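S.K.: Okay, so here is coords-v5.csv, and as you'll see once you scroll down, it has CSV, N, CA and C atoms.
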chain,number,residue,atom,x,y,z
A,25,MET,N,-79.2,-92.5,-80.5
A,25,MET,CA,-77.8,-92.1,-80.9
A,25,MET,C,-78.0,-91.3,-82.2
A,26,ILE,N,-78.8,-91.8,-83.2
A,26,ILE,CA,-78.9,-91.2,-84.5
A,26,ILE,C,-79.7,-89.9,-84.3
A,27,LYS,N,-80.6,-89.8,-83.4
A,27,LYS,CA,-81.3,-88.5,-83.1
A,27,LYS,C,-80.4,-87.5,-82.7
A,28,TRP,N,-79.5,-87.8,-81.8
A,28,TRP,CA,-78.5,-86.8,-81.2
A,28,TRP,C,-77.5,-86.4,-82.3
A,29,ALA,N,-77.1,-87.3,-83.2
A,29,ALA,CA,-76.2,-86.9,-84.2
A,29,ALA,C,-76.9,-86.0,-85.2
A,30,LEU,N,-78.1,-86.3,-85.6
A,30,LEU,CA,-78.9,-85.5,-86.5
A,30,LEU,C,-79.1,-84.1,-85.9
A,31,LEU,N,-79.5,-84.1,-84.6
A,31,LEU,CA,-79.7,-82.8,-83.9
A,31,LEU,C,-78.4,-82.0,-83.9
A,32,THR,N,-77.3,-82.6,-83.7
A,32,THR,CA,-76.0,-81.9,-83.7
A,32,THR,C,-75.7,-81.3,-85.0
A,33,VAL,N,-75.9,-82.1,-86.1
A,33,VAL,CA,-75.6,-81.6,-87.4
A,33,VAL,C,-76.5,-80.5,-87.8
A,34,LEU,N,-77.8,-80.6,-87.5
A,34,LEU,CA,-78.8,-79.6,-87.8
A,34,LEU,C,-78.5,-78.3,-87.0
A,35,THR,N,-78.1,-78.4,-85.8
A,35,THR,CA,-77.7,-77.3,-85.0
A,35,THR,C,-76.5,-76.5,-85.6
A,36,ILE,N,-75.5,-77.3,-86.0
A,36,ILE,CA,-74.4,-76.6,-86.6
A,36,ILE,C,-74.7,-75.9,-87.9
A,37,VAL,N,-75.5,-76.6,-88.7
A,37,VAL,CA,-76.0,-75.9,-90.0
A,37,VAL,C,-76.8,-74.7,-89.7
A,38,ALA,N,-77.7,-74.7,-88.7
A,38,ALA,CA,-78.5,-73.6,-88.4
A,38,ALA,C,-77.6,-72.4,-87.8
A,39,LEU,N,-76.6,-72.8,-87.0
A,39,LEU,CA,-75.6,-71.8,-86.5
A,39,LEU,C,-74.8,-71.2,-87.7
A,40,ALA,N,-74.4,-72.0,-88.6
A,40,ALA,CA,-73.7,-71.5,-89.8
A,40,ALA,C,-74.5,-70.5,-90.6
A,41,VAL,N,-75.7,-70.9,-90.8
A,41,VAL,CA,-76.6,-70.0,-91.6
A,41,VAL,C,-76.9,-68.7,-90.9
A,42,ALA,N,-77.1,-68.8,-89.6
A,42,ALA,CA,-77.4,-67.6,-88.8
A,42,ALA,C,-76.1,-66.7,-88.7
A,43,ALA,N,-75.0,-67.3,-88.5
A,43,ALA,CA,-73.7,-66.5,-88.4
A,43,ALA,C,-73.4,-65.8,-89.7
A,44,SER,N,-73.7,-66.5,-90.8
A,44,SER,CA,-73.5,-66.0,-92.1
A,44,SER,C,-74.4,-64.8,-92.4
A,45,MET,N,-75.7,-65.0,-92.0
A,45,MET,CA,-76.6,-63.9,-92.3
A,45,MET,C,-76.3,-62.7,-91.5
A,46,VAL,N,-75.9,-62.9,-90.2
A,46,VAL,CA,-75.6,-61.7,-89.3
A,46,VAL,C,-74.3,-61.0,-89.9
A,47,GLY,N,-73.3,-61.8,-90.3
A,47,GLY,CA,-72.1,-61.2,-90.9
A,47,GLY,C,-72.4,-60.4,-92.2
A,48,ARG,N,-73.3,-60.9,-93.0
A,48,ARG,CA,-73.6,-60.2,-94.3
A,48,ARG,C,-74.5,-59.0,-94.0
A,49,PHE,N,-75.3,-59.0,-92.9
A,49,PHE,CA,-76.1,-57.9,-92.5
A,49,PHE,C,-75.2,-56.7,-92.1
A,50,PHE,N,-74.1,-57.0,-91.4
A,50,PHE,CA,-73.2,-56.0,-91.0
A,50,PHE,C,-72.1,-55.7,-92.0
A,51,GLY,N,-72.2,-56.3,-93.2
A,51,GLY,CA,-71.2,-56.0,-94.2
A,51,GLY,C,-69.9,-56.8,-94.1
A,52,ARG,N,-69.9,-57.9,-93.4
A,52,ARG,CA,-68.6,-58.7,-93.2
A,52,ARG,C,-69.0,-60.1,-93.5
A,53,PRO,N,-69.0,-60.6,-94.7
A,53,PRO,CA,-69.4,-62.0,-95.0
A,53,PRO,C,-68.5,-63.0,-94.4
A,54,GLN,N,-67.2,-62.7,-94.1
A,54,GLN,CA,-66.3,-63.6,-93.4
A,54,GLN,C,-66.1,-63.2,-92.0
A,55,SER,N,-67.2,-63.2,-91.2
A,55,SER,CA,-67.0,-62.8,-89.8
A,55,SER,C,-66.4,-64.0,-89.0
A,56,ARG,N,-65.9,-63.7,-87.9
A,56,ARG,CA,-65.2,-64.7,-87.1
A,56,ARG,C,-66.2,-65.8,-86.7
A,57,ALA,N,-67.4,-65.5,-86.4
A,57,ALA,CA,-68.4,-66.5,-86.0
A,57,ALA,C,-68.7,-67.4,-87.2
A,58,SER,N,-68.9,-66.9,-88.4
A,58,SER,CA,-69.2,-67.8,-89.5
A,58,SER,C,-68.0,-68.7,-89.8
A,59,VAL,N,-66.8,-68.1,-89.7
A,59,VAL,CA,-65.6,-68.9,-89.9
A,59,VAL,C,-65.5,-70.0,-88.9
A,60,LEU,N,-65.8,-69.7,-87.6
A,60,LEU,CA,-65.7,-70.7,-86.6
A,60,LEU,C,-66.7,-71.8,-86.8
A,61,VAL,N,-67.9,-71.5,-87.1
A,61,VAL,CA,-68.9,-72.5,-87.4
A,61,VAL,C,-68.6,-73.4,-88.6
A,62,SER,N,-68.0,-72.7,-89.6
A,62,SER,CA,-67.6,-73.5,-90.8
A,62,SER,C,-66.4,-74.4,-90.5
A,63,VAL,N,-65.5,-74.0,-89.7
A,63,VAL,CA,-64.4,-74.9,-89.3
A,63,VAL,C,-64.9,-76.1,-88.4
A,64,ILE,N,-65.8,-75.8,-87.5
A,64,ILE,CA,-66.4,-76.9,-86.7
A,64,ILE,C,-67.2,-77.9,-87.6
A,65,ALA,N,-67.9,-77.3,-88.6
A,65,ALA,CA,-68.6,-78.2,-89.5
A,65,ALA,C,-67.7,-79.1,-90.3
A,66,HIS,N,-66.6,-78.5,-90.8
A,66,HIS,CA,-65.6,-79.3,-91.6
A,66,HIS,C,-65.1,-80.4,-90.7
A,67,TRP,N,-64.7,-80.2,-89.5
A,67,TRP,CA,-64.1,-81.2,-88.7
A,67,TRP,C,-65.1,-82.2,-88.2
A,68,LEU,N,-66.3,-81.8,-87.9
A,68,LEU,CA,-67.3,-82.8,-87.6
A,68,LEU,C,-67.6,-83.7,-88.7
A,69,ALA,N,-67.8,-83.1,-89.9
A,69,ALA,CA,-68.0,-84.0,-91.1
A,69,ALA,C,-66.8,-84.9,-91.4
A,70,ALA,N,-65.6,-84.4,-91.2
A,70,ALA,CA,-64.4,-85.3,-91.4
A,70,ALA,C,-64.5,-86.4,-90.3
A,71,TYR,N,-64.8,-86.1,-89.1
A,71,TYR,CA,-64.9,-87.2,-88.1
A,71,TYR,C,-65.9,-88.3,-88.5
A,72,VAL,N,-67.1,-87.8,-88.9
A,72,VAL,CA,-68.1,-88.8,-89.3
A,72,VAL,C,-67.7,-89.6,-90.5
A,73,LEU,N,-67.1,-89.0,-91.5
A,73,LEU,CA,-66.6,-89.8,-92.7
A,73,LEU,C,-65.5,-90.7,-92.4
A,74,TRP,N,-64.5,-90.3,-91.6
A,74,TRP,CA,-63.4,-91.1,-91.2
A,74,TRP,C,-63.9,-92.3,-90.4
A,75,THR,N,-64.8,-92.0,-89.4
A,75,THR,CA,-65.3,-93.1,-88.6
A,75,THR,C,-66.1,-94.1,-89.4
A,76,PHE,N,-66.9,-93.6,-90.3
A,76,PHE,CA,-67.7,-94.5,-91.1
A,76,PHE,C,-66.8,-95.4,-92.0
A,77,GLY,N,-65.8,-94.7,-92.7
A,77,GLY,CA,-64.9,-95.5,-93.6
A,77,GLY,C,-64.1,-96.4,-92.8
A,78,ALA,N,-63.5,-96.0,-91.7
A,78,ALA,CA,-62.7,-96.9,-90.9
A,78,ALA,C,-63.5,-98.1,-90.3
A,79,GLY,N,-64.8,-97.8,-89.9
A,79,GLY,CA,-65.6,-98.9,-89.4
A,79,GLY,C,-65.8,-100.0,-90.5
A,80,LEU,N,-66.1,-99.5,-91.7
A,80,LEU,CA,-66.3,-100.5,-92.8
A,80,LEU,C,-65.0,-101.2,-93.1
A,81,ALA,N,-63.8,-100.5,-93.1
A,81,ALA,CA,-62.6,-101.1,-93.4
A,81,ALA,C,-62.2,-102.1,-92.3
A,82,HIS,N,-62.5,-101.8,-91.1
A,82,HIS,CA,-62.2,-102.7,-90.0
A,82,HIS,C,-63.1,-104.0,-90.1
A,83,ARG,N,-64.4,-103.8,-90.4
A,83,ARG,CA,-65.3,-104.9,-90.6
A,83,ARG,C,-64.8,-105.9,-91.6
A,84,TYR,N,-64.3,-105.4,-92.7
A,84,TYR,CA,-63.9,-106.2,-93.8
A,84,TYR,C,-62.4,-106.6,-93.8
A,85,GLY,N,-61.8,-106.3,-92.7
A,85,GLY,CA,-60.4,-106.8,-92.5
A,85,GLY,C,-59.3,-105.9,-93.1
A,86,VAL,N,-59.6,-104.8,-93.6
A,86,VAL,CA,-58.6,-103.9,-94.2
A,86,VAL,C,-57.7,-103.2,-93.1
A,87,LEU,N,-58.4,-102.8,-92.0
A,87,LEU,CA,-57.7,-102.2,-90.9
A,87,LEU,C,-57.8,-103.1,-89.7
A,88,ALA,N,-56.7,-103.2,-89.0
A,88,ALA,CA,-56.6,-104.0,-87.8
A,88,ALA,C,-57.1,-103.2,-86.6
A,89,ALA,N,-56.9,-101.9,-86.6
A,89,ALA,CA,-57.3,-101.0,-85.4
A,89,ALA,C,-57.6,-99.6,-85.9
A,90,TYR,N,-58.6,-99.0,-85.2
A,90,TYR,CA,-58.9,-97.6,-85.4
A,90,TYR,C,-59.3,-97.0,-84.1
A,91,ASP,N,-58.6,-95.9,-83.8
A,91,ASP,CA,-58.8,-95.2,-82.5
A,91,ASP,C,-59.3,-93.8,-82.8
A,92,SER,N,-60.6,-93.6,-82.7
A,92,SER,CA,-61.2,-92.3,-83.0
A,92,SER,C,-60.8,-91.2,-82.0
A,93,TYR,N,-60.3,-91.6,-80.8
A,93,TYR,CA,-59.9,-90.6,-79.9
A,93,TYR,C,-58.7,-89.8,-80.4
A,94,LEU,N,-57.8,-90.4,-81.1
A,94,LEU,CA,-56.7,-89.7,-81.6
A,94,LEU,C,-57.1,-88.7,-82.7
A,95,PHE,N,-58.2,-89.0,-83.4
A,95,PHE,CA,-58.7,-88.1,-84.4
A,95,PHE,C,-59.3,-86.9,-83.7
A,96,VAL,N,-59.9,-87.1,-82.6
A,96,VAL,CA,-60.5,-85.9,-81.8
A,96,VAL,C,-59.4,-85.0,-81.4
A,97,ILE,N,-58.3,-85.5,-80.9
A,97,ILE,CA,-57.1,-84.7,-80.5
A,97,ILE,C,-56.6,-84.0,-81.7
A,98,LEU,N,-56.4,-84.7,-82.8
A,98,LEU,CA,-55.9,-84.0,-84.0
A,98,LEU,C,-56.8,-82.9,-84.5
A,99,ALA,N,-58.1,-83.2,-84.4
A,99,ALA,CA,-59.1,-82.2,-84.9
A,99,ALA,C,-59.1,-81.0,-84.0
A,100,LEU,N,-58.9,-81.1,-82.7
A,100,LEU,CA,-58.9,-79.9,-81.9
A,100,LEU,C,-57.6,-79.1,-82.2
A,101,VAL,N,-56.5,-79.8,-82.3
A,101,VAL,CA,-55.2,-79.0,-82.5
A,101,VAL,C,-55.2,-78.4,-83.9
A,102,VAL,N,-55.4,-79.2,-85.0
A,102,VAL,CA,-55.4,-78.7,-86.3
A,102,VAL,C,-56.6,-77.8,-86.6
A,103,GLY,N,-57.7,-78.1,-86.0
A,103,GLY,CA,-58.9,-77.2,-86.1
A,103,GLY,C,-58.6,-75.8,-85.7
A,104,PHE,N,-57.9,-75.7,-84.5
A,104,PHE,CA,-57.6,-74.4,-84.1
A,104,PHE,C,-56.7,-73.7,-85.1
A,105,TRP,N,-55.7,-74.4,-85.6
A,105,TRP,CA,-54.8,-73.9,-86.6
A,105,TRP,C,-55.5,-73.5,-87.9
A,106,HIS,N,-56.5,-74.3,-88.2
A,106,HIS,CA,-57.4,-74.1,-89.4
A,106,HIS,C,-58.1,-72.8,-89.2
A,107,TYR,N,-58.7,-72.6,-88.0
A,107,TYR,CA,-59.4,-71.3,-87.8
A,107,TYR,C,-58.6,-70.1,-87.8
A,108,ARG,N,-57.4,-70.2,-87.1
A,108,ARG,CA,-56.5,-69.0,-87.1
A,108,ARG,C,-56.0,-68.7,-88.5
A,109,THR,N,-55.7,-69.7,-89.3
A,109,THR,CA,-55.2,-69.4,-90.7
A,109,THR,C,-56.3,-68.8,-91.5
A,110,ALA,N,-57.5,-69.3,-91.4
A,110,ALA,CA,-58.7,-68.8,-92.2
A,110,ALA,C,-58.9,-67.3,-91.8
A,111,ILE,N,-58.8,-67.0,-90.5
A,111,ILE,CA,-59.0,-65.6,-90.1
A,111,ILE,C,-57.9,-64.7,-90.6
A,112,ALA,N,-56.6,-65.2,-90.5
A,112,ALA,CA,-55.5,-64.3,-90.8
A,112,ALA,C,-55.2,-64.3,-92.3
A,113,ARG,N,-55.3,-65.4,-93.0
A,113,ARG,CA,-54.9,-65.4,-94.4
A,113,ARG,C,-56.0,-65.7,-95.4
A,114,GLY,N,-57.2,-66.1,-95.0
A,114,GLY,CA,-58.3,-66.3,-95.9
A,114,GLY,C,-58.7,-67.7,-95.9
A,115,ARG,N,-59.9,-67.9,-96.6
A,115,ARG,CA,-60.5,-69.2,-96.6
A,115,ARG,C,-59.7,-70.3,-97.3
A,116,GLN,N,-59.1,-69.9,-98.4
A,116,GLN,CA,-58.4,-70.9,-99.2
A,116,GLN,C,-57.2,-71.5,-98.4
A,117,GLN,N,-56.5,-70.6,-97.7
A,117,GLN,CA,-55.3,-71.0,-96.9
A,117,GLN,C,-55.8,-71.9,-95.7
A,118,GLY,N,-56.9,-71.5,-95.1
A,118,GLY,CA,-57.5,-72.3,-94.1
A,118,GLY,C,-57.9,-73.7,-94.6
A,119,LEU,N,-58.4,-73.8,-95.8
A,119,LEU,CA,-58.8,-75.1,-96.3
A,119,LEU,C,-57.5,-75.9,-96.6
A,120,ALA,N,-56.4,-75.3,-96.9
A,120,ALA,CA,-55.1,-76.0,-97.1
A,120,ALA,C,-54.7,-76.6,-95.8
A,121,VAL,N,-54.9,-76.0,-94.7
A,121,VAL,CA,-54.5,-76.5,-93.4
A,121,VAL,C,-55.5,-77.7,-93.1
A,122,PHE,N,-56.7,-77.6,-93.5
A,122,PHE,CA,-57.7,-78.7,-93.2
A,122,PHE,C,-57.3,-79.9,-94.0
A,123,VAL,N,-56.9,-79.8,-95.3
A,123,VAL,CA,-56.5,-80.9,-96.1
A,123,VAL,C,-55.2,-81.5,-95.6
A,124,ALA,N,-54.3,-80.6,-95.1
A,124,ALA,CA,-53.0,-81.1,-94.5
A,124,ALA,C,-53.3,-82.0,-93.3
A,125,GLY,N,-54.3,-81.5,-92.5
A,125,GLY,CA,-54.7,-82.3,-91.3
A,125,GLY,C,-55.3,-83.6,-91.7
A,126,GLN,N,-56.1,-83.7,-92.7
A,126,GLN,CA,-56.6,-85.0,-93.2
A,126,GLN,C,-55.5,-85.9,-93.7
A,127,LEU,N,-54.5,-85.4,-94.4
A,127,LEU,CA,-53.4,-86.2,-94.9
A,127,LEU,C,-52.6,-86.7,-93.7
A,128,ALA,N,-52.4,-85.8,-92.7
A,128,ALA,CA,-51.7,-86.3,-91.5
A,128,ALA,C,-52.4,-87.4,-90.8
A,129,TRP,N,-53.7,-87.3,-90.7
A,129,TRP,CA,-54.5,-88.4,-90.1
A,129,TRP,C,-54.4,-89.7,-90.9
A,130,LEU,N,-54.4,-89.6,-92.2
A,130,LEU,CA,-54.2,-90.8,-93.0
A,130,LEU,C,-52.8,-91.4,-92.7
A,131,VAL,N,-51.8,-90.7,-92.6
A,131,VAL,CA,-50.5,-91.2,-92.3
A,131,VAL,C,-50.5,-91.8,-90.9
A,132,ILE,N,-51.1,-91.2,-89.9
A,132,ILE,CA,-51.2,-91.7,-88.6
A,132,ILE,C,-52.0,-93.1,-88.6
A,133,LEU,N,-53.0,-93.1,-89.4
A,133,LEU,CA,-53.8,-94.3,-89.5
A,133,LEU,C,-53.1,-95.5,-90.1
A,134,LEU,N,-52.3,-95.1,-91.1
A,134,LEU,CA,-51.5,-96.2,-91.8
A,134,LEU,C,-50.4,-96.7,-90.9
A,135,VAL,N,-49.7,-95.8,-90.2
A,135,VAL,CA,-48.7,-96.2,-89.2
A,135,VAL,C,-49.3,-97.0,-88.1
A,136,GLN,N,-50.4,-96.7,-87.6
A,136,GLN,CA,-51.1,-97.4,-86.6
A,136,GLN,C,-51.4,-98.8,-87.0
A,137,ASN,N,-51.7,-99.0,-88.3
A,137,ASN,CA,-52.1,-100.3,-88.7
A,137,ASN,C,-50.9,-101.1,-89.4
A,138,GLY,N,-49.7,-100.6,-89.3
A,138,GLY,CA,-48.5,-101.3,-89.7
A,138,GLY,C,-48.3,-101.3,-91.2
A,139,ILE,N,-48.8,-100.4,-91.9
A,139,ILE,CA,-48.6,-100.4,-93.4
A,139,ILE,C,-47.2,-100.1,-93.8
A,140,PHE,N,-46.5,-99.3,-93.0
A,140,PHE,CA,-45.1,-99.0,-93.4
A,140,PHE,C,-44.0,-100.0,-92.8
A,141,ARG,N,-44.5,-101.0,-92.1
A,141,ARG,CA,-43.5,-102.0,-91.5
A,141,ARG,C,-43.1,-102.9,-92.7
A,142,SER,N,-41.9,-103.3,-92.6
A,142,SER,CA,-41.4,-104.3,-93.6
A,142,SER,C,-41.9,-105.7,-93.2
A,143,PRO,N,-42.2,-106.5,-94.2
A,143,PRO,CA,-42.7,-107.9,-93.9
A,143,PRO,C,-41.6,-108.7,-93.2
A,144,PRO,N,-42.0,-109.6,-92.3
A,144,PRO,CA,-41.0,-110.4,-91.6
A,144,PRO,C,-40.3,-111.4,-92.5
Would you mind writing the file's structure down as structure tokens?

M.R.:
Amino acid sequence: MIKWALLTVLTIVALAVAASMVGRFFGRPQSRASVLVSVIAHWLAAYVLWTFGAGLAHRYGVLAAYDSYLFVILALVVGFWHYRTAIARGRQQGLAVFVAGQLAWLVILLVQNGIFRSPP
């Protein structure tokens, strides 16, 4: 499992470097391919960090439930929006969409674990 995860991360990093070099060679440092690989790397890293943090929180009793499949759905939808925004409006605006997606996931996670319910 760890070998596959490491291979996936190294492949994404290699694709990002290659896409960036090809884009710079042709005079377009923000090519669509480099932006796409960057967005994929952002969301893959977020998935790893959220899963690691939630696993620890679940182990120590802070979280009652964590469903990573919901994060995958959110990552696909908001990741597409992140990519389109980064292409149309620039990198900074795309990162704002990424952060908004992370905050939305935090709210979903808190609601899923009953943080906003009033005590009985």

S.K.: If you measure from atom CA of A:Val61 to atom CA of A:Leu39, what distance in Å do you get, rounded to one decimal?

M.R.: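 Result for atom CA of A:Val61 versus atom CA of A:Leu39: 6.8 Å, one decimal.
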
S.K.: Step one, run DSSP on the backbone; step two, keep only residues of stretch 28-120 of chain A assigned to helix (DSSP H, G or I); then write them as a ChimeraX atom specification.

M.R.: /A:28-49,56-83,92-113,115-120

S.K.: Need to verify the contact set: A:Ala69, 9 Å, only C-alpha atoms, exclusion of same-chain residues closer than 5 positions in sequence. Can you return it as a PDB file with N, CA and C atoms, keeping the file's coordinate frame?

M.R.:
ATOM      1  N   VAL A  33     -75.900 -82.100 -86.100  1.00  0.00           N
ATOM      2  CA  VAL A  33     -75.600 -81.600 -87.400  1.00  0.00           C
ATOM      3  C   VAL A  33     -76.500 -80.500 -87.800  1.00  0.00           C
ATOM      4  N   ILE A  64     -65.800 -75.800 -87.500  1.00  0.00           N
ATOM      5  CA  ILE A  64     -66.400 -76.900 -86.700  1.00  0.00           C
ATOM      6  C   ILE A  64     -67.200 -77.900 -87.600  1.00  0.00           C
ATOM      7  N   TRP A  74     -64.500 -90.300 -91.600  1.00  0.00           N
ATOM      8  CA  TRP A  74     -63.400 -91.100 -91.200  1.00  0.00           C
ATOM      9  C   TRP A  74     -63.900 -92.300 -90.400  1.00  0.00           C
TER      10      TRP A  74
END

S.K.: In Å to one decimal, how far is atom N of A:Leu94 from atom CA of A:Gly77?

M.R.: 15.3 Å

S.K.: What does the structure give for the distance between atom C of A:Val101 and atom N of A:Gly79, in Å to one decimal?

M.R.: 22.5 Å

S.K.: I'd like the neighbourhood of A:Val102 as a ChimeraX atom specification, where a residue qualifies if any of its atoms comes within 8 Å (using only C-alpha atoms), though same-chain residues fewer than 3 positions away should be ignored.

M.R.: /A:98-99,105-106,121-122,125

S.K.: For stretch 112-118 of chain A, find every residue with an atom within 12 Å (counting only C-alpha atoms), except residues of its own chain fewer than 3 positions away, and show them as a PyMOL selection string.

M.R.: chain A and resi 53-56+58-60+62-63+66+102-109+121-125

S.K.: Please rebuild stretch 124-133 of chain A with all heavy atoms and give the result as a compact mmCIF listing (two decimals), keeping the file's coordinate frame.

M.R.:
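The resulting file, rebuild16.txt, is reproduced below:
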# COMPACT_ATOMS: atom_id res chain seq x y z
N ALA A 124 -54.30 -80.60 -95.10
CA ALA A 124 -53.00 -81.10 -94.50
C ALA A 124 -53.30 -82.00 -93.30
O ALA A 124 -52.69 -82.99 -93.01
CB ALA A 124 -52.09 -79.98 -94.18
N GLY A 125 -54.30 -81.50 -92.50
CA GLY A 125 -54.70 -82.30 -91.30
C GLY A 125 -55.30 -83.60 -91.70
O GLY A 125 -55.01 -84.66 -90.99
N GLN A 126 -56.10 -83.70 -92.70
CA GLN A 126 -56.60 -85.00 -93.20
C GLN A 126 -55.50 -85.90 -93.70
O GLN A 126 -55.54 -87.12 -93.40
CB GLN A 126 -57.64 -84.77 -94.31
CG GLN A 126 -58.82 -83.92 -93.90
CD GLN A 126 -59.50 -84.42 -92.65
OE1 GLN A 126 -59.91 -85.58 -92.59
NE2 GLN A 126 -59.61 -83.57 -91.65
N LEU A 127 -54.50 -85.40 -94.40
CA LEU A 127 -53.40 -86.20 -94.90
C LEU A 127 -52.60 -86.70 -93.70
O LEU A 127 -52.10 -87.83 -93.67
CB LEU A 127 -52.56 -85.43 -95.85
CG LEU A 127 -53.23 -85.13 -97.19
CD1 LEU A 127 -52.35 -84.22 -98.04
CD2 LEU A 127 -53.56 -86.42 -97.92
N ALA A 128 -52.40 -85.80 -92.70
CA ALA A 128 -51.70 -86.30 -91.50
C ALA A 128 -52.40 -87.40 -90.80
O ALA A 128 -51.80 -88.36 -90.32
CB ALA A 128 -51.49 -85.08 -90.52
N TRP A 129 -53.70 -87.30 -90.70
CA TRP A 129 -54.50 -88.40 -90.10
C TRP A 129 -54.40 -89.70 -90.90
O TRP A 129 -54.31 -90.77 -90.32
CB TRP A 129 -55.97 -88.00 -89.96
CG TRP A 129 -56.78 -89.12 -89.37
CD1 TRP A 129 -57.76 -89.82 -89.96
CD2 TRP A 129 -56.62 -89.69 -88.07
NE1 TRP A 129 -58.24 -90.79 -89.12
CE2 TRP A 129 -57.55 -90.73 -87.95
CE3 TRP A 129 -55.77 -89.43 -87.01
CZ2 TRP A 129 -57.66 -91.51 -86.80
CZ3 TRP A 129 -55.88 -90.20 -85.86
CH2 TRP A 129 -56.81 -91.22 -85.77
N LEU A 130 -54.40 -89.60 -92.20
CA LEU A 130 -54.20 -90.80 -93.00
C LEU A 130 -52.80 -91.40 -92.70
O LEU A 130 -52.77 -92.66 -92.58
CB LEU A 130 -54.26 -90.42 -94.52
CG LEU A 130 -54.05 -91.57 -95.50
CD1 LEU A 130 -55.11 -92.64 -95.31
CD2 LEU A 130 -54.05 -91.04 -96.92
N VAL A 131 -51.80 -90.70 -92.60
CA VAL A 131 -50.50 -91.20 -92.30
C VAL A 131 -50.50 -91.80 -90.90
O VAL A 131 -49.97 -92.95 -90.70
CB VAL A 131 -49.36 -90.12 -92.39
CG1 VAL A 131 -48.05 -90.61 -91.80
CG2 VAL A 131 -49.19 -89.69 -93.83
N ILE A 132 -51.10 -91.20 -89.90
CA ILE A 132 -51.20 -91.70 -88.60
C ILE A 132 -52.00 -93.10 -88.60
O ILE A 132 -51.56 -94.05 -87.98
CB ILE A 132 -51.90 -90.75 -87.61
CG1 ILE A 132 -51.00 -89.56 -87.35
CG2 ILE A 132 -52.30 -91.42 -86.30
CD1 ILE A 132 -51.66 -88.40 -86.64
N LEU A 133 -53.00 -93.10 -89.40
CA LEU A 133 -53.80 -94.30 -89.50
C LEU A 133 -53.10 -95.50 -90.10
O LEU A 133 -53.11 -96.62 -89.67
CB LEU A 133 -55.11 -94.04 -90.26
CG LEU A 133 -56.15 -95.13 -90.36
CD1 LEU A 133 -56.67 -95.50 -88.98
CD2 LEU A 133 -57.29 -94.67 -91.24
